[in-house]
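**Student:** What follows is start07.cif, made up of mmCIF, N, CA and C atoms:
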```cif
data_query
#
loop_
_atom_site.label_atom_id
_atom_site.label_comp_id
_atom_site.auth_asym_id
_atom_site.auth_seq_id
_atom_site.Cartn_x
_atom_site.Cartn_y
_atom_site.Cartn_z
N MET A 1 66.35 103.31 91.28
CA MET A 1 65.22 102.56 91.81
C MET A 1 65.17 101.19 91.13
N THR A 2 64.99 100.14 91.90
CA THR A 2 64.93 98.79 91.33
C THR A 2 63.57 98.55 90.68
N PRO A 3 63.47 97.54 89.81
CA PRO A 3 62.18 97.25 89.19
C PRO A 3 61.07 96.97 90.19
N ILE A 4 61.35 96.23 91.26
CA ILE A 4 60.28 95.95 92.23
C ILE A 4 59.86 97.23 92.94
N GLU A 5 60.79 98.14 93.17
CA GLU A 5 60.42 99.43 93.78
C GLU A 5 59.53 100.24 92.84
N ILE A 6 59.81 100.20 91.56
CA ILE A 6 58.97 100.89 90.58
C ILE A 6 57.58 100.25 90.56
N ALA A 7 57.54 98.92 90.57
CA ALA A 7 56.26 98.21 90.58
C ALA A 7 55.47 98.55 91.84
N LEU A 8 56.15 98.62 92.98
CA LEU A 8 55.47 99.01 94.23
C LEU A 8 54.94 100.43 94.15
N GLU A 9 55.69 101.32 93.55
CA GLU A 9 55.24 102.70 93.36
C GLU A 9 53.97 102.73 92.50
N GLU A 10 53.94 101.93 91.45
CA GLU A 10 52.75 101.84 90.59
C GLU A 10 51.57 101.23 91.36
N ALA A 11 51.85 100.26 92.20
CA ALA A 11 50.78 99.63 93.00
C ALA A 11 50.18 100.63 93.97
N ARG A 12 51.03 101.43 94.61
CA ARG A 12 50.51 102.45 95.54
C ARG A 12 49.67 103.48 94.79
N ALA A 13 50.10 103.87 93.60
CA ALA A 13 49.33 104.82 92.80
C ALA A 13 47.98 104.22 92.40
N ALA A 14 47.97 102.93 92.09
CA ALA A 14 46.72 102.25 91.75
C ALA A 14 45.77 102.28 92.95
N ALA A 15 46.28 101.99 94.13
CA ALA A 15 45.46 102.03 95.34
C ALA A 15 44.87 103.41 95.56
N ALA A 16 45.67 104.43 95.33
CA ALA A 16 45.20 105.82 95.50
C ALA A 16 44.07 106.14 94.53
N ARG A 17 44.02 105.44 93.39
CA ARG A 17 42.94 105.64 92.41
C ARG A 17 41.75 104.75 92.70
N GLY A 18 41.84 103.93 93.77
CA GLY A 18 40.76 103.02 94.10
C GLY A 18 40.84 101.69 93.38
N GLU A 19 41.99 101.42 92.78
CA GLU A 19 42.20 100.16 92.07
C GLU A 19 42.89 99.16 93.00
N VAL A 20 42.73 97.89 92.71
CA VAL A 20 43.49 96.87 93.45
C VAL A 20 44.97 97.19 93.25
N PRO A 21 45.73 97.29 94.34
CA PRO A 21 47.12 97.75 94.25
C PRO A 21 48.10 96.72 93.69
N VAL A 22 48.11 96.65 92.39
CA VAL A 22 49.08 95.82 91.69
C VAL A 22 49.82 96.73 90.72
N GLY A 23 51.14 96.62 90.71
CA GLY A 23 51.96 97.40 89.81
C GLY A 23 52.91 96.50 89.05
N ALA A 24 53.27 96.95 87.84
CA ALA A 24 54.16 96.17 86.99
C ALA A 24 55.10 97.08 86.23
N VAL A 25 56.26 96.54 85.88
CA VAL A 25 57.23 97.27 85.07
C VAL A 25 57.94 96.27 84.16
N VAL A 26 58.24 96.71 82.94
CA VAL A 26 59.01 95.91 81.99
C VAL A 26 60.34 96.62 81.78
N THR A 27 61.42 95.87 81.97
CA THR A 27 62.76 96.44 81.80
C THR A 27 63.54 95.65 80.76
N ASP A 28 64.47 96.35 80.13
CA ASP A 28 65.36 95.70 79.16
C ASP A 28 66.58 95.15 79.90
N PRO A 29 67.49 94.48 79.21
CA PRO A 29 68.64 93.88 79.90
C PRO A 29 69.52 94.88 80.65
N ALA A 30 69.53 96.14 80.22
CA ALA A 30 70.32 97.16 80.90
C ALA A 30 69.57 97.76 82.09
N GLY A 31 68.33 97.36 82.29
CA GLY A 31 67.53 97.88 83.40
C GLY A 31 66.70 99.10 83.05
N ALA A 32 66.72 99.50 81.77
CA ALA A 32 65.90 100.64 81.35
C ALA A 32 64.43 100.26 81.36
N VAL A 33 63.60 101.17 81.84
CA VAL A 33 62.16 100.94 81.90
C VAL A 33 61.56 101.18 80.52
N LEU A 34 60.90 100.14 80.00
CA LEU A 34 60.22 100.24 78.71
C LEU A 34 58.72 100.48 78.88
N GLY A 35 58.17 100.03 79.99
CA GLY A 35 56.76 100.21 80.27
C GLY A 35 56.50 100.00 81.74
N ARG A 36 55.58 100.75 82.28
CA ARG A 36 55.21 100.61 83.69
C ARG A 36 53.75 100.98 83.83
N ALA A 37 53.07 100.33 84.78
CA ALA A 37 51.64 100.59 84.95
C ALA A 37 51.16 100.01 86.27
N GLY A 38 50.03 100.53 86.69
CA GLY A 38 49.28 99.96 87.80
C GLY A 38 47.93 99.55 87.26
N ASN A 39 47.19 98.77 88.02
CA ASN A 39 45.86 98.36 87.57
C ASN A 39 45.00 99.57 87.21
N ARG A 40 44.21 99.44 86.16
CA ARG A 40 43.27 100.48 85.73
C ARG A 40 41.93 99.86 85.31
N VAL A 41 41.59 98.75 85.93
CA VAL A 41 40.36 98.02 85.61
C VAL A 41 39.13 98.89 85.81
N GLU A 42 39.03 99.52 86.96
CA GLU A 42 37.85 100.35 87.27
C GLU A 42 37.84 101.62 86.43
N GLU A 43 38.97 102.28 86.35
CA GLU A 43 39.07 103.54 85.61
C GLU A 43 38.71 103.37 84.14
N LEU A 44 39.20 102.30 83.52
CA LEU A 44 38.97 102.09 82.09
C LEU A 44 37.74 101.22 81.80
N HIS A 45 37.09 100.73 82.88
CA HIS A 45 35.94 99.83 82.72
C HIS A 45 36.32 98.64 81.84
N ASP A 46 37.49 98.09 82.14
CA ASP A 46 38.08 97.04 81.32
C ASP A 46 38.69 95.97 82.22
N PRO A 47 38.08 94.79 82.28
CA PRO A 47 38.61 93.75 83.16
C PRO A 47 39.98 93.22 82.73
N THR A 48 40.43 93.58 81.54
CA THR A 48 41.76 93.16 81.10
C THR A 48 42.83 94.21 81.38
N ALA A 49 42.47 95.33 81.98
CA ALA A 49 43.43 96.42 82.22
C ALA A 49 44.25 96.17 83.48
N HIS A 50 44.82 94.96 83.55
CA HIS A 50 45.71 94.62 84.65
C HIS A 50 47.05 95.31 84.42
N ALA A 51 47.78 95.56 85.49
CA ALA A 51 49.06 96.24 85.43
C ALA A 51 50.01 95.57 84.44
N GLU A 52 50.07 94.25 84.47
CA GLU A 52 50.98 93.52 83.59
C GLU A 52 50.67 93.77 82.11
N ILE A 53 49.40 93.66 81.77
CA ILE A 53 48.98 93.84 80.37
C ILE A 53 49.34 95.25 79.91
N LEU A 54 49.03 96.24 80.74
CA LEU A 54 49.30 97.64 80.36
C LEU A 54 50.80 97.90 80.23
N ALA A 55 51.60 97.36 81.14
CA ALA A 55 53.05 97.55 81.08
C ALA A 55 53.65 96.83 79.86
N LEU A 56 53.17 95.62 79.59
CA LEU A 56 53.66 94.89 78.42
C LEU A 56 53.30 95.61 77.12
N ARG A 57 52.08 96.12 77.04
CA ARG A 57 51.67 96.87 75.84
C ARG A 57 52.53 98.11 75.65
N ALA A 58 52.81 98.82 76.73
CA ALA A 58 53.64 100.02 76.65
C ALA A 58 55.06 99.67 76.18
N ALA A 59 55.60 98.57 76.72
CA ALA A 59 56.95 98.15 76.34
C ALA A 59 56.99 97.74 74.87
N ALA A 60 55.99 97.01 74.42
CA ALA A 60 55.94 96.59 73.02
C ALA A 60 55.83 97.80 72.10
N ALA A 61 55.05 98.79 72.51
CA ALA A 61 54.93 100.02 71.71
C ALA A 61 56.26 100.76 71.67
N ALA A 62 56.95 100.82 72.81
CA ALA A 62 58.25 101.49 72.86
C ALA A 62 59.26 100.78 71.97
N ARG A 63 59.18 99.47 71.94
CA ARG A 63 60.10 98.66 71.13
C ARG A 63 59.63 98.53 69.68
N ARG A 64 58.37 98.87 69.45
CA ARG A 64 57.77 98.70 68.12
C ARG A 64 57.86 97.24 67.67
N SER A 65 57.53 96.36 68.63
CA SER A 65 57.60 94.93 68.38
C SER A 65 56.60 94.21 69.29
N PRO A 66 55.95 93.16 68.78
CA PRO A 66 55.03 92.40 69.63
C PRO A 66 55.74 91.41 70.56
N ARG A 67 57.04 91.31 70.45
CA ARG A 67 57.79 90.38 71.28
C ARG A 67 58.89 91.11 72.05
N LEU A 68 59.11 90.64 73.28
CA LEU A 68 60.08 91.26 74.19
C LEU A 68 61.01 90.18 74.75
N PRO A 69 61.75 89.50 73.89
CA PRO A 69 62.49 88.30 74.31
C PRO A 69 63.65 88.51 75.26
N ASP A 70 64.11 89.72 75.41
CA ASP A 70 65.23 89.96 76.33
C ASP A 70 64.78 90.76 77.55
N CYS A 71 63.49 90.88 77.73
CA CYS A 71 62.95 91.75 78.80
C CYS A 71 62.48 90.97 80.02
N THR A 72 62.38 91.71 81.11
CA THR A 72 61.87 91.16 82.37
C THR A 72 60.60 91.91 82.76
N LEU A 73 59.57 91.15 83.09
CA LEU A 73 58.33 91.69 83.64
C LEU A 73 58.40 91.52 85.15
N THR A 74 58.33 92.63 85.88
CA THR A 74 58.34 92.58 87.35
C THR A 74 56.99 93.08 87.83
N VAL A 75 56.35 92.33 88.70
CA VAL A 75 55.00 92.67 89.16
C VAL A 75 54.88 92.38 90.65
N THR A 76 54.04 93.13 91.33
CA THR A 76 53.92 93.00 92.78
C THR A 76 53.13 91.77 93.22
N LEU A 77 52.36 91.18 92.32
CA LEU A 77 51.53 90.02 92.65
C LEU A 77 51.71 88.96 91.58
N GLU A 78 51.73 87.71 91.98
CA GLU A 78 51.80 86.61 91.03
C GLU A 78 50.78 86.83 89.91
N PRO A 79 51.21 86.82 88.66
CA PRO A 79 50.27 87.07 87.56
C PRO A 79 49.13 86.05 87.53
N CYS A 80 47.95 86.55 87.19
CA CYS A 80 46.79 85.69 86.99
C CYS A 80 46.99 84.90 85.70
N PRO A 81 46.14 83.93 85.40
CA PRO A 81 46.31 83.17 84.16
C PRO A 81 46.32 84.05 82.90
N MET A 82 45.48 85.06 82.85
CA MET A 82 45.45 85.95 81.68
C MET A 82 46.79 86.65 81.50
N CYS A 83 47.32 87.19 82.58
CA CYS A 83 48.59 87.93 82.50
C CYS A 83 49.77 87.01 82.27
N ALA A 84 49.73 85.81 82.84
CA ALA A 84 50.79 84.84 82.59
C ALA A 84 50.80 84.47 81.11
N GLN A 85 49.62 84.26 80.54
CA GLN A 85 49.54 83.92 79.11
C GLN A 85 50.04 85.08 78.26
N ALA A 86 49.71 86.31 78.67
CA ALA A 86 50.21 87.49 77.93
C ALA A 86 51.73 87.54 77.98
N ALA A 87 52.32 87.28 79.14
CA ALA A 87 53.78 87.26 79.26
C ALA A 87 54.37 86.23 78.31
N SER A 88 53.71 85.08 78.19
CA SER A 88 54.16 84.06 77.26
C SER A 88 54.05 84.55 75.82
N PHE A 89 52.94 85.17 75.47
CA PHE A 89 52.75 85.67 74.10
C PHE A 89 53.75 86.77 73.75
N PHE A 90 54.06 87.62 74.73
CA PHE A 90 55.06 88.68 74.50
C PHE A 90 56.48 88.11 74.51
N ARG A 91 56.61 86.86 74.91
CA ARG A 91 57.89 86.15 74.92
C ARG A 91 58.93 86.78 75.85
N VAL A 92 58.47 87.28 77.01
CA VAL A 92 59.44 87.87 77.94
C VAL A 92 60.41 86.80 78.42
N ARG A 93 61.60 87.24 78.74
CA ARG A 93 62.65 86.32 79.19
C ARG A 93 62.42 85.87 80.63
N ARG A 94 61.95 86.80 81.46
CA ARG A 94 61.81 86.51 82.89
C ARG A 94 60.57 87.20 83.44
N VAL A 95 59.92 86.52 84.39
CA VAL A 95 58.82 87.10 85.17
C VAL A 95 59.25 87.07 86.63
N VAL A 96 59.26 88.23 87.26
CA VAL A 96 59.60 88.37 88.67
C VAL A 96 58.36 88.90 89.37
N PHE A 97 57.96 88.29 90.49
CA PHE A 97 56.81 88.81 91.20
C PHE A 97 57.03 88.79 92.70
N GLY A 98 56.24 89.61 93.39
CA GLY A 98 56.34 89.76 94.83
C GLY A 98 55.49 88.75 95.58
N ALA A 99 54.23 89.09 95.81
CA ALA A 99 53.33 88.26 96.60
C ALA A 99 52.80 87.08 95.78
N TYR A 100 52.68 85.95 96.43
CA TYR A 100 52.06 84.78 95.82
C TYR A 100 50.55 84.95 95.89
N ASP A 101 49.83 84.36 94.94
CA ASP A 101 48.37 84.46 94.90
C ASP A 101 47.75 83.07 94.80
N PRO A 102 47.58 82.39 95.96
CA PRO A 102 47.03 81.04 95.95
C PRO A 102 45.64 80.95 95.33
N LYS A 103 44.86 82.01 95.42
CA LYS A 103 43.48 81.98 94.91
C LYS A 103 43.41 82.29 93.42
N GLY A 104 44.12 83.32 92.96
CA GLY A 104 43.96 83.77 91.58
C GLY A 104 45.21 83.69 90.72
N GLY A 105 46.30 83.17 91.26
CA GLY A 105 47.53 83.12 90.51
C GLY A 105 47.48 82.14 89.35
N GLY A 106 48.35 82.37 88.38
CA GLY A 106 48.40 81.50 87.22
C GLY A 106 49.80 81.01 86.91
N VAL A 107 50.73 81.25 87.83
CA VAL A 107 52.12 80.86 87.60
C VAL A 107 52.50 79.72 88.55
N GLU A 108 52.50 79.99 89.84
CA GLU A 108 52.83 78.98 90.85
C GLU A 108 51.57 78.31 91.40
N HIS A 109 50.42 78.90 91.14
CA HIS A 109 49.14 78.39 91.63
C HIS A 109 48.16 78.28 90.46
N GLY A 110 46.99 77.71 90.74
CA GLY A 110 45.93 77.67 89.73
C GLY A 110 46.34 77.00 88.44
N ALA A 111 46.15 77.72 87.34
CA ALA A 111 46.36 77.16 86.00
C ALA A 111 47.82 76.82 85.69
N ARG A 112 48.77 77.43 86.37
CA ARG A 112 50.20 77.18 86.12
C ARG A 112 50.49 77.20 84.61
N ILE A 113 50.18 78.33 84.02
CA ILE A 113 50.24 78.54 82.58
C ILE A 113 51.56 78.09 81.97
N PHE A 114 52.67 78.42 82.60
CA PHE A 114 53.97 78.12 82.00
C PHE A 114 54.30 76.63 82.00
N GLN A 115 53.56 75.86 82.78
CA GLN A 115 53.78 74.41 82.82
C GLN A 115 52.83 73.65 81.91
N ALA A 116 51.86 74.36 81.32
CA ALA A 116 50.87 73.71 80.46
C ALA A 116 51.49 73.29 79.13
N ALA A 117 51.04 72.16 78.61
CA ALA A 117 51.54 71.67 77.32
C ALA A 117 51.24 72.66 76.20
N SER A 118 50.20 73.45 76.35
CA SER A 118 49.81 74.41 75.31
C SER A 118 50.61 75.71 75.36
N CYS A 119 51.48 75.86 76.35
CA CYS A 119 52.27 77.08 76.50
C CYS A 119 53.42 77.07 75.48
N HIS A 120 53.45 78.08 74.63
CA HIS A 120 54.47 78.15 73.58
C HIS A 120 55.81 78.70 74.08
N HIS A 121 55.78 79.49 75.13
CA HIS A 121 57.01 80.07 75.66
C HIS A 121 56.88 80.18 77.18
N ALA A 122 57.81 79.59 77.89
CA ALA A 122 57.82 79.64 79.35
C ALA A 122 59.04 80.44 79.81
N PRO A 123 58.79 81.62 80.37
CA PRO A 123 59.92 82.42 80.86
C PRO A 123 60.47 81.86 82.16
N GLU A 124 61.65 82.33 82.50
CA GLU A 124 62.21 82.07 83.82
C GLU A 124 61.29 82.78 84.82
N VAL A 125 61.07 82.18 85.99
CA VAL A 125 60.18 82.77 87.00
C VAL A 125 60.92 82.89 88.33
N VAL A 126 60.80 84.07 88.94
CA VAL A 126 61.34 84.31 90.27
C VAL A 126 60.19 84.88 91.10
N GLY A 127 59.78 84.17 92.13
CA GLY A 127 58.68 84.62 92.97
C GLY A 127 59.13 84.98 94.36
N GLY A 128 58.32 85.75 95.06
CA GLY A 128 58.57 86.08 96.46
C GLY A 128 59.50 87.25 96.70
N VAL A 129 59.73 88.09 95.70
CA VAL A 129 60.61 89.25 95.85
C VAL A 129 59.87 90.34 96.64
N ARG A 130 60.40 90.67 97.78
CA ARG A 130 59.76 91.63 98.71
C ARG A 130 58.29 91.24 98.95
N GLU A 131 58.12 89.95 99.13
CA GLU A 131 56.79 89.36 99.28
C GLU A 131 55.96 90.01 100.38
N ALA A 132 56.54 90.20 101.56
CA ALA A 132 55.77 90.74 102.69
C ALA A 132 55.26 92.15 102.38
N GLU A 133 56.09 92.96 101.77
CA GLU A 133 55.68 94.33 101.45
C GLU A 133 54.59 94.34 100.39
N CYS A 134 54.76 93.51 99.37
CA CYS A 134 53.76 93.45 98.30
C CYS A 134 52.43 92.91 98.84
N ALA A 135 52.48 91.87 99.64
CA ALA A 135 51.27 91.29 100.22
C ALA A 135 50.60 92.27 101.17
N GLY A 136 51.41 93.03 101.91
CA GLY A 136 50.87 94.01 102.85
C GLY A 136 50.05 95.08 102.16
N LEU A 137 50.48 95.53 101.00
CA LEU A 137 49.71 96.52 100.24
C LEU A 137 48.32 96.00 99.93
N LEU A 138 48.27 94.76 99.48
CA LEU A 138 46.98 94.15 99.14
C LEU A 138 46.11 93.94 100.38
N ARG A 139 46.73 93.41 101.43
CA ARG A 139 45.99 93.15 102.67
C ARG A 139 45.40 94.44 103.23
N ASP A 140 46.20 95.51 103.26
CA ASP A 140 45.73 96.80 103.78
C ASP A 140 44.60 97.36 102.91
N PHE A 141 44.74 97.24 101.60
CA PHE A 141 43.73 97.75 100.68
C PHE A 141 42.38 97.07 100.93
N PHE A 142 42.40 95.75 100.99
CA PHE A 142 41.14 95.02 101.17
C PHE A 142 40.59 95.18 102.58
N ALA A 143 41.43 95.38 103.58
CA ALA A 143 40.96 95.63 104.95
C ALA A 143 40.19 96.93 105.00
N ARG A 144 40.64 97.94 104.27
CA ARG A 144 39.93 99.22 104.24
C ARG A 144 38.56 99.12 103.56
N LEU A 145 38.40 98.17 102.66
CA LEU A 145 37.13 98.00 101.97
C LEU A 145 36.09 97.30 102.84
N ARG A 146 36.56 96.57 103.82
CA ARG A 146 35.62 95.78 104.65
C ARG A 146 34.97 96.61 105.70
#
```
How would this structure read if it were set down as structure tokens?

**Tutor:**
Amino acid sequence: MTPIEIALEEARAAAARGEVPVGAVVTDPAGAVLGRAGNRVEELHDPTAHAEILALRAAAAARRSPRLPDCTLTVTLEPCPMCAQAASFFRVRRVVFGAYDPKGGGVEHGARIFQAASCHHAPEVVGGVREAECAGLLRDFFARLR
């Protein structure tokens, strides 16, 4: 299973729990999964419990290190400014994401964290991976809420 497929699986599981369907996975250079998660904001009553943060924390714990310089963070939605900053702090090598987020994104939209002068580490960024499928999960989730 590819990293984006794992992230999509986590996003679907998040939706099934009533969470916004965002999933993330952190992989090492060999493709081994170090951490994976879906949003748990509602479940944990924690607005910082985004999929990216949870996956990065799990990977850092697995590595027993606060930095992940050779790792890739793959997520179904463009990271928000908080998650983009976390990716920078964890020093990930690459951020790969599916759907773009013109309203809340922090990488290609909004704050553009990695382009800010205050950003200490800017990873390589690849956006739009299986974009339609990732965006469809979100669109369907919010349509059901309306």

**Student:** To one decimal in Å, tell me the separation between atom N of Pro79 in chain A and atom C of Gly105 in chain A.

**Tutor:** 6.0 Å

**Student:** To one decimal place, how far is atom C of Gln115 in chain A from CA of Val75 in chain A in Å?

**Tutor:**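 For atom C of Gln115 in chain A relative to CA of Val75 in chain A, the distance reads 20.5 Å.
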
**Student:** Report the distance between CA of Ala7 in chain A and CA of Val25 in chain A in Å, rounded to one decimal place.

**Tutor:**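 Result for CA of Ala7 in chain A versus CA of Val25 in chain A: 5.7 Å, one decimal.
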
**Student:** Got a sec: who's within 7 Å of range 68-71 of chain A, counting all atoms listed in the file, leaving out chain neighbours fewer than 6 positions off, as a PyMOL selection string?

**Tutor:** chain A and resi 26-29+60+89-95

**Student:** Could you take the residues named above and write them with N, CA and C atoms, as a PDB file, in the coordinates of the input?

**Tutor:**
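Writing the result to result-v9.pdb gives the following:
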```pdb
ATOM      1  N   VAL A  26      58.240  96.710  82.940  1.00  0.00           N
ATOM      2  CA  VAL A  26      59.010  95.910  81.990  1.00  0.00           C
ATOM      3  C   VAL A  26      60.340  96.620  81.780  1.00  0.00           C
ATOM      4  N   THR A  27      61.420  95.870  81.970  1.00  0.00           N
ATOM      5  CA  THR A  27      62.760  96.440  81.800  1.00  0.00           C
ATOM      6  C   THR A  27      63.540  95.650  80.760  1.00  0.00           C
ATOM      7  N   ASP A  28      64.470  96.350  80.130  1.00  0.00           N
ATOM      8  CA  ASP A  28      65.360  95.700  79.160  1.00  0.00           C
ATOM      9  C   ASP A  28      66.580  95.150  79.900  1.00  0.00           C
ATOM     10  N   PRO A  29      67.490  94.480  79.210  1.00  0.00           N
ATOM     11  CA  PRO A  29      68.640  93.880  79.900  1.00  0.00           C
ATOM     12  C   PRO A  29      69.520  94.880  80.650  1.00  0.00           C
ATOM     13  N   ALA A  60      55.990  97.010  74.420  1.00  0.00           N
ATOM     14  CA  ALA A  60      55.940  96.590  73.020  1.00  0.00           C
ATOM     15  C   ALA A  60      55.830  97.800  72.100  1.00  0.00           C
ATOM     16  N   PHE A  89      52.940  85.170  75.470  1.00  0.00           N
ATOM     17  CA  PHE A  89      52.750  85.670  74.100  1.00  0.00           C
ATOM     18  C   PHE A  89      53.750  86.770  73.750  1.00  0.00           C
ATOM     19  N   PHE A  90      54.060  87.620  74.730  1.00  0.00           N
ATOM     20  CA  PHE A  90      55.060  88.680  74.500  1.00  0.00           C
ATOM     21  C   PHE A  90      56.480  88.110  74.510  1.00  0.00           C
ATOM     22  N   ARG A  91      56.610  86.860  74.910  1.00  0.00           N
ATOM     23  CA  ARG A  91      57.890  86.150  74.920  1.00  0.00           C
ATOM     24  C   ARG A  91      58.930  86.780  75.850  1.00  0.00           C
ATOM     25  N   VAL A  92      58.470  87.280  77.010  1.00  0.00           N
ATOM     26  CA  VAL A  92      59.440  87.870  77.940  1.00  0.00           C
ATOM     27  C   VAL A  92      60.410  86.800  78.420  1.00  0.00           C
ATOM     28  N   ARG A  93      61.600  87.240  78.740  1.00  0.00           N
ATOM     29  CA  ARG A  93      62.650  86.320  79.190  1.00  0.00           C
ATOM     30  C   ARG A  93      62.420  85.870  80.630  1.00  0.00           C
ATOM     31  N   ARG A  94      61.950  86.800  81.460  1.00  0.00           N
ATOM     32  CA  ARG A  94      61.810  86.510  82.890  1.00  0.00           C
ATOM     33  C   ARG A  94      60.570  87.200  83.440  1.00  0.00           C
ATOM     34  N   VAL A  95      59.920  86.520  84.390  1.00  0.00           N
ATOM     35  CA  VAL A  95      58.820  87.100  85.170  1.00  0.00           C
ATOM     36  C   VAL A  95      59.250  87.070  86.630  1.00  0.00           C
TER      37      VAL A  95
END
```

**Student:** Taking only C-alpha atoms into account, name the residue in A:Thr2, A:Ser88, A:Thr74, A:Ser65 that is nearest to Ala51 in chain A.

**Tutor:**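 Using only C-alpha atoms, Ala51 in chain A sits closest to A:Thr74.
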
**Student:** Can you pull out the residues contacting Val96 in chain A? Cut-off 10 Å, using only C-alpha atoms, and skip same-chain residues under 2 positions away; I want them as a list of chain:residue names.

**Tutor:** A:Pro3, A:Ile4, A:Ala24, A:Val25, A:Thr72, A:Leu73, A:Thr74, A:Val75, A:Thr76, A:Leu77, A:Glu78, A:Pro79, A:Arg94, A:Gly98, A:Pro123, A:Glu124, A:Val125, A:Val126, A:Gly127, A:Gly128, A:Val129

**Student:** List as a short mmCIF file (atom, residue, chain, number, x, y, z; two decimals) with N, CA and C atoms, keeping the file's coordinate frame: which residues have an atom within 12 Å of (43.9, 101.3, 95.1), counting only C-alpha atoms?

**Tutor:**
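Once everything was written out, this is out-v6.cif:
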```
data_model
loop_
_atom_site.label_atom_id
_atom_site.label_comp_id
_atom_site.auth_asym_id
_atom_site.auth_seq_id
_atom_site.Cartn_x
_atom_site.Cartn_y
_atom_site.Cartn_z
N LEU A 8 56.15 98.62 92.98
CA LEU A 8 55.47 99.01 94.23
C LEU A 8 54.94 100.43 94.15
N GLU A 9 55.69 101.32 93.55
CA GLU A 9 55.24 102.70 93.36
C GLU A 9 53.97 102.73 92.50
N GLU A 10 53.94 101.93 91.45
CA GLU A 10 52.75 101.84 90.59
C GLU A 10 51.57 101.23 91.36
N ALA A 11 51.85 100.26 92.20
CA ALA A 11 50.78 99.63 93.00
C ALA A 11 50.18 100.63 93.97
N ARG A 12 51.03 101.43 94.61
CA ARG A 12 50.51 102.45 95.54
C ARG A 12 49.67 103.48 94.79
N ALA A 13 50.10 103.87 93.60
CA ALA A 13 49.33 104.82 92.80
C ALA A 13 47.98 104.22 92.40
N ALA A 14 47.97 102.93 92.09
CA ALA A 14 46.72 102.25 91.75
C ALA A 14 45.77 102.28 92.95
N ALA A 15 46.28 101.99 94.13
CA ALA A 15 45.46 102.03 95.34
C ALA A 15 44.87 103.41 95.56
N ALA A 16 45.67 104.43 95.33
CA ALA A 16 45.20 105.82 95.50
C ALA A 16 44.07 106.14 94.53
N ARG A 17 44.02 105.44 93.39
CA ARG A 17 42.94 105.64 92.41
C ARG A 17 41.75 104.75 92.70
N GLY A 18 41.84 103.93 93.77
CA GLY A 18 40.76 103.02 94.10
C GLY A 18 40.84 101.69 93.38
N GLU A 19 41.99 101.42 92.78
CA GLU A 19 42.20 100.16 92.07
C GLU A 19 42.89 99.16 93.00
N VAL A 20 42.73 97.89 92.71
CA VAL A 20 43.49 96.87 93.45
C VAL A 20 44.97 97.19 93.25
N PRO A 21 45.73 97.29 94.34
CA PRO A 21 47.12 97.75 94.25
C PRO A 21 48.10 96.72 93.69
N VAL A 22 48.11 96.65 92.39
CA VAL A 22 49.08 95.82 91.69
C VAL A 22 49.82 96.73 90.72
N GLY A 23 51.14 96.62 90.71
CA GLY A 23 51.96 97.40 89.81
C GLY A 23 52.91 96.50 89.05
N GLY A 38 50.03 100.53 86.69
CA GLY A 38 49.28 99.96 87.80
C GLY A 38 47.93 99.55 87.26
N ASN A 39 47.19 98.77 88.02
CA ASN A 39 45.86 98.36 87.57
C ASN A 39 45.00 99.57 87.21
N ARG A 40 44.21 99.44 86.16
CA ARG A 40 43.27 100.48 85.73
C ARG A 40 41.93 99.86 85.31
N VAL A 41 41.59 98.75 85.93
CA VAL A 41 40.36 98.02 85.61
C VAL A 41 39.13 98.89 85.81
N GLU A 42 39.03 99.52 86.96
CA GLU A 42 37.85 100.35 87.27
C GLU A 42 37.84 101.62 86.43
N GLU A 43 38.97 102.28 86.35
CA GLU A 43 39.07 103.54 85.61
C GLU A 43 38.71 103.37 84.14
N LEU A 137 50.48 95.53 101.00
CA LEU A 137 49.71 96.52 100.24
C LEU A 137 48.32 96.00 99.93
N LEU A 138 48.27 94.76 99.48
CA LEU A 138 46.98 94.15 99.14
C LEU A 138 46.11 93.94 100.38
N ARG A 139 46.73 93.41 101.43
CA ARG A 139 45.99 93.15 102.67
C ARG A 139 45.40 94.44 103.23
N ASP A 140 46.20 95.51 103.26
CA ASP A 140 45.73 96.80 103.78
C ASP A 140 44.60 97.36 102.91
N PHE A 141 44.74 97.24 101.60
CA PHE A 141 43.73 97.75 100.68
C PHE A 141 42.38 97.07 100.93
N PHE A 142 42.40 95.75 100.99
CA PHE A 142 41.14 95.02 101.17
C PHE A 142 40.59 95.18 102.58
N ALA A 143 41.43 95.38 103.58
CA ALA A 143 40.96 95.63 104.95
C ALA A 143 40.19 96.93 105.00
N ARG A 144 40.64 97.94 104.27
CA ARG A 144 39.93 99.22 104.24
C ARG A 144 38.56 99.12 103.56
N LEU A 145 38.40 98.17 102.66
CA LEU A 145 37.13 98.00 101.97
C LEU A 145 36.09 97.30 102.84
#
```

**Student:** Write down as a PyMOL selection string the residues belonging to range 4-84 of chain A that are assigned helix (DSSP H, G or I) by DSSP computed on the backbone.

**Tutor:** chain A and resi 4-16+41-44+51-63+81-84

**Student:** The centre and edge lengths of an axis-aligned box containing all atoms of range 29-45 of chain A present in the file, extended by 4 Å on each side, are to be given in Å to one decimal, as AutoDock Vina command-line options.

**Tutor:**
```
--center_x 53.1 --center_y 98.7 --center_z 83.4 --size_x 42.4 --size_y 17.7 --size_z 17.3
```

**Student:** Could you check the closest approach to Cys80 in chain A for each of A:Arg63, A:Cys134, A:Gly104, A:Gly31 and tell me which residue wins, using all atoms listed in the file?

**Tutor:**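 Residue with the minimum atom-to-atom distance to Cys80 in chain A: A:Gly104.
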
**Student:** What residues in chain A get the DSSP label strand (DSSP E or B)? Please answer as a ChimeraX atom specification.

**Tutor:** /A:23-27,33-38,72-77,94-99,124-126

**Student:** Between A:Ala135, A:Ala111, A:Ala86, A:Lys103, single out the one closest to Thr48 in chain A, counting only C-alpha atoms.

**Tutor:**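 Ranking A:Ala135, A:Ala111, A:Ala86, A:Lys103 by distance to Thr48 in chain A, first place goes to A:Ala86.
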